[in-house]
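Dropping work_30.pdb in here (PDB, C-alpha atoms, pLDDT in the B column):
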```pdb
ATOM      1  CA  SER R   1       4.646  17.573   2.397  1.00 49.00           C
ATOM      2  CA  PHE R   2       2.162  15.276   4.081  1.00 62.00           C
ATOM      3  CA  GLU R   3      -1.485  16.066   4.444  1.00 77.00           C
ATOM      4  CA  GLU R   4      -2.481  16.975   7.974  1.00 78.00           C
ATOM      5  CA  ASP R   5      -4.814  14.015   8.266  1.00 89.00           C
ATOM      6  CA  ALA R   6      -2.511  11.478   6.561  1.00 89.00           C
ATOM      7  CA  GLU R   7      -2.160   9.386   9.710  1.00 90.00           C
ATOM      8  CA  ALA R   8      -5.923   9.256  10.230  1.00 92.00           C
ATOM      9  CA  GLN R   9      -6.456   8.360   6.564  1.00 93.00           C
ATOM     10  CA  CYS R  10      -3.907   5.576   6.789  1.00 92.00           C
ATOM     11  CA  GLN R  11      -5.567   4.209   9.943  1.00 93.00           C
ATOM     12  CA  ARG R  12      -8.994   4.329   8.284  1.00 95.00           C
ATOM     13  CA  LEU R  13      -7.800   2.607   5.107  1.00 93.00           C
ATOM     14  CA  LEU R  14      -6.026  -0.156   7.009  1.00 94.00           C
ATOM     15  CA  GLU R  15      -9.131  -0.789   9.106  1.00 95.00           C
ATOM     16  CA  GLU R  16     -11.240  -0.850   5.945  1.00 96.00           C
ATOM     17  CA  ALA R  17      -8.879  -3.325   4.259  1.00 95.00           C
ATOM     18  CA  LEU R  18      -8.982  -5.646   7.263  1.00 95.00           C
ATOM     19  CA  ARG R  19     -12.781  -5.427   7.493  1.00 97.00           C
ATOM     20  CA  TYR R  20     -12.998  -6.337   3.810  1.00 96.00           C
ATOM     21  CA  ASP R  21     -10.543  -9.239   4.150  1.00 92.00           C
ATOM     22  CA  PRO R  22      -9.595 -10.204   7.717  1.00 93.00           C
ATOM     23  CA  THR R  23      -7.259 -12.903   6.350  1.00 90.00           C
ATOM     24  CA  ASN R  24      -5.099 -10.495   4.331  1.00 87.00           C
ATOM     25  CA  CYS R  25      -1.559 -11.003   5.602  1.00 86.00           C
ATOM     26  CA  GLU R  26      -0.287  -8.031   3.575  1.00 86.00           C
ATOM     27  CA  ALA R  27      -2.783  -5.696   5.252  1.00 90.00           C
ATOM     28  CA  PHE R  28      -1.527  -6.893   8.647  1.00 91.00           C
ATOM     29  CA  GLN R  29       2.055  -6.311   7.480  1.00 87.00           C
ATOM     30  CA  ALA R  30       1.097  -2.783   6.422  1.00 89.00           C
ATOM     31  CA  LEU R  31      -0.536  -2.259   9.811  1.00 93.00           C
ATOM     32  CA  ALA R  32       2.650  -3.468  11.512  1.00 89.00           C
ATOM     33  CA  ASN R  33       4.704  -1.010   9.454  1.00 88.00           C
ATOM     34  CA  PHE R  34       2.255   1.784  10.291  1.00 92.00           C
ATOM     35  CA  ARG R  35       2.449   0.973  14.010  1.00 94.00           C
ATOM     36  CA  LEU R  36       6.237   0.936  13.795  1.00 89.00           C
ATOM     37  CA  SER R  37       6.167   4.414  12.250  1.00 89.00           C
ATOM     38  CA  GLN R  38       4.117   5.496  15.284  1.00 92.00           C
ATOM     39  CA  ASN R  39       6.706   3.895  17.603  1.00 92.00           C
ATOM     40  CA  ARG R  40       4.039   1.453  18.832  1.00 94.00           C
ATOM     41  CA  LYS R  41       6.312  -1.588  18.814  1.00 88.00           C
ATOM     42  CA  GLU R  42       4.075  -3.957  20.779  1.00 90.00           C
ATOM     43  CA  ASP R  43       1.152  -3.210  18.462  1.00 93.00           C
ATOM     44  CA  ALA R  44       3.446  -3.729  15.456  1.00 89.00           C
ATOM     45  CA  LEU R  45       4.487  -7.100  16.815  1.00 87.00           C
ATOM     46  CA  ALA R  46       0.845  -8.065  17.405  1.00 90.00           C
ATOM     47  CA  ALA R  47      -0.010  -7.153  13.798  1.00 91.00           C
ATOM     48  CA  LEU R  48       2.918  -9.250  12.543  1.00 85.00           C
ATOM     49  CA  GLN R  49       1.657 -12.179  14.599  1.00 86.00           C
ATOM     50  CA  LYS R  50      -1.765 -11.830  12.966  1.00 89.00           C
ATOM     51  CA  SER R  51      -0.087 -11.653   9.559  1.00 85.00           C
ATOM     52  CA  TYR R  52       1.820 -14.849  10.291  1.00 80.00           C
ATOM     53  CA  GLU R  53      -1.404 -16.594  11.347  1.00 83.00           C
ATOM     54  CA  GLN R  54      -2.921 -15.769   7.934  1.00 81.00           C
ATOM     55  CA  TRP R  55      -0.054 -16.946   5.732  1.00 75.00           C
ATOM     56  CA  GLY R  56      -1.996 -19.966   4.501  1.00 68.00           C
ATOM     57  CA  HIS R  57      -4.371 -17.524   2.787  1.00 61.00           C
ATOM     58  CA  CYS R  58      -1.657 -15.416   1.143  1.00 65.00           C
ATOM     59  CA  GLU R  59       0.656 -15.822  -1.803  1.00 61.00           C
ATOM     60  CA  GLY R  60       3.998 -14.319  -2.655  1.00 57.00           C
ATOM     61  CA  LYS R  61       7.123 -13.380  -0.758  1.00 55.00           C
ATOM     62  CA  LYS R  62       5.423 -12.442   2.493  1.00 57.00           C
ATOM     63  CA  ASN R  63       8.333 -13.723   4.593  1.00 62.00           C
ATOM     64  CA  ILE R  64      10.700 -11.024   3.336  1.00 61.00           C
ATOM     65  CA  VAL R  65       8.542  -8.101   4.494  1.00 67.00           C
ATOM     66  CA  SER R  66       7.787  -9.740   7.831  1.00 66.00           C
ATOM     67  CA  SER R  67      11.457 -10.545   8.301  1.00 62.00           C
ATOM     68  CA  GLN R  68      12.431  -6.923   7.706  1.00 68.00           C
ATOM     69  CA  LEU R  69       9.822  -5.672  10.157  1.00 71.00           C
ATOM     70  CA  LEU R  70      10.922  -8.210  12.767  1.00 67.00           C
ATOM     71  CA  THR R  71      14.500  -6.981  12.360  1.00 67.00           C
ATOM     72  CA  TYR R  72      13.326  -3.427  13.100  1.00 68.00           C
ATOM     73  CA  LEU R  73      11.638  -4.817  16.224  1.00 68.00           C
ATOM     74  CA  SER R  74      14.868  -6.550  17.301  1.00 66.00           C
ATOM     75  CA  ARG R  75      13.343 -10.023  16.860  1.00 63.00           C
ATOM     76  CA  TYR R  76      16.468 -11.333  15.109  1.00 54.00           C
ATOM     77  CA  ARG R  77      15.991 -15.065  15.655  1.00 60.00           C
ATOM     78  CA  THR R  78      12.475 -15.044  14.185  1.00 59.00           C
ATOM     79  CA  SER R  79      13.622 -12.777  11.365  1.00 51.00           C
ATOM     80  CA  THR R  80      16.440 -15.176  10.456  1.00 52.00           C
ATOM     81  CA  PHE R  81      14.041 -18.126  10.561  1.00 55.00           C
ATOM     82  CA  LEU R  82      11.670 -16.430   8.107  1.00 57.00           C
ATOM     83  CA  ARG R  83      14.487 -15.514   5.734  1.00 53.00           C
ATOM     84  CA  PHE R  84      15.712 -19.113   5.796  1.00 51.00           C
ATOM     85  CA  GLN R  85      12.175 -20.376   5.145  1.00 53.00           C
ATOM     86  CA  ASN R  86      11.799 -18.026   2.178  1.00 51.00           C
ATOM     87  CA  SER R  87      15.104 -19.095   0.634  1.00 49.00           C
ATOM     88  CA  ASN R  88      13.978 -22.731   0.762  1.00 49.00           C
ATOM     89  CA  SER R  89      10.576 -22.199  -0.876  1.00 51.00           C
TER      90      SER R  89
END
```
Using structure tokens, write down the structure that the file contains.
Amino acid sequence: SFEEDAEAQCQRLLEEALRYDPTNCEAFQALANFRLSQNRKEDALAALQKSYEQWGHCEGKKNIVSSQLLTYLSRYRTSTFLRFQNSNS
């Protein structure tokens, strides 16, 4: 079972992570996922856009997570582009 204040804790921790490092693309991806779980699709898309803007500061397979989230948001063309980019890097 989830704690009663789990959503508030998640919100607080995401805000704290982004205050600590406002260029953290993974924190923006987590925020997008959190917003999706709240059915706040426009906010999720905005967080993904911020994540994408920070990719120069991040390492790893960030395209895969963003691509999956974009698929959930029915942004198929962008999702396919990111998957293609990842397969070529």
Next item on the list: Convert the output of the PyMOL selection byres ((chain R and resi 14-30) around 6) on the shown file into explicit residues, formatted as a VMD selection string.
Entry: chain R and resid 11 to 13 31 to 33 47 to 48 51 54
Next item on the list: Find the distance between atom CA of R:Tyr52 and atom CA of R:Cys10 and write it in Å to one decimal.
Entry: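 One can read the atom CA of R:Tyr52 to atom CA of R:Cys10 distance as 21.5 Å.
As for atom CA of R:Glu7 and atom CA of R:Glu53, they are spaced 26.0 Å apart.
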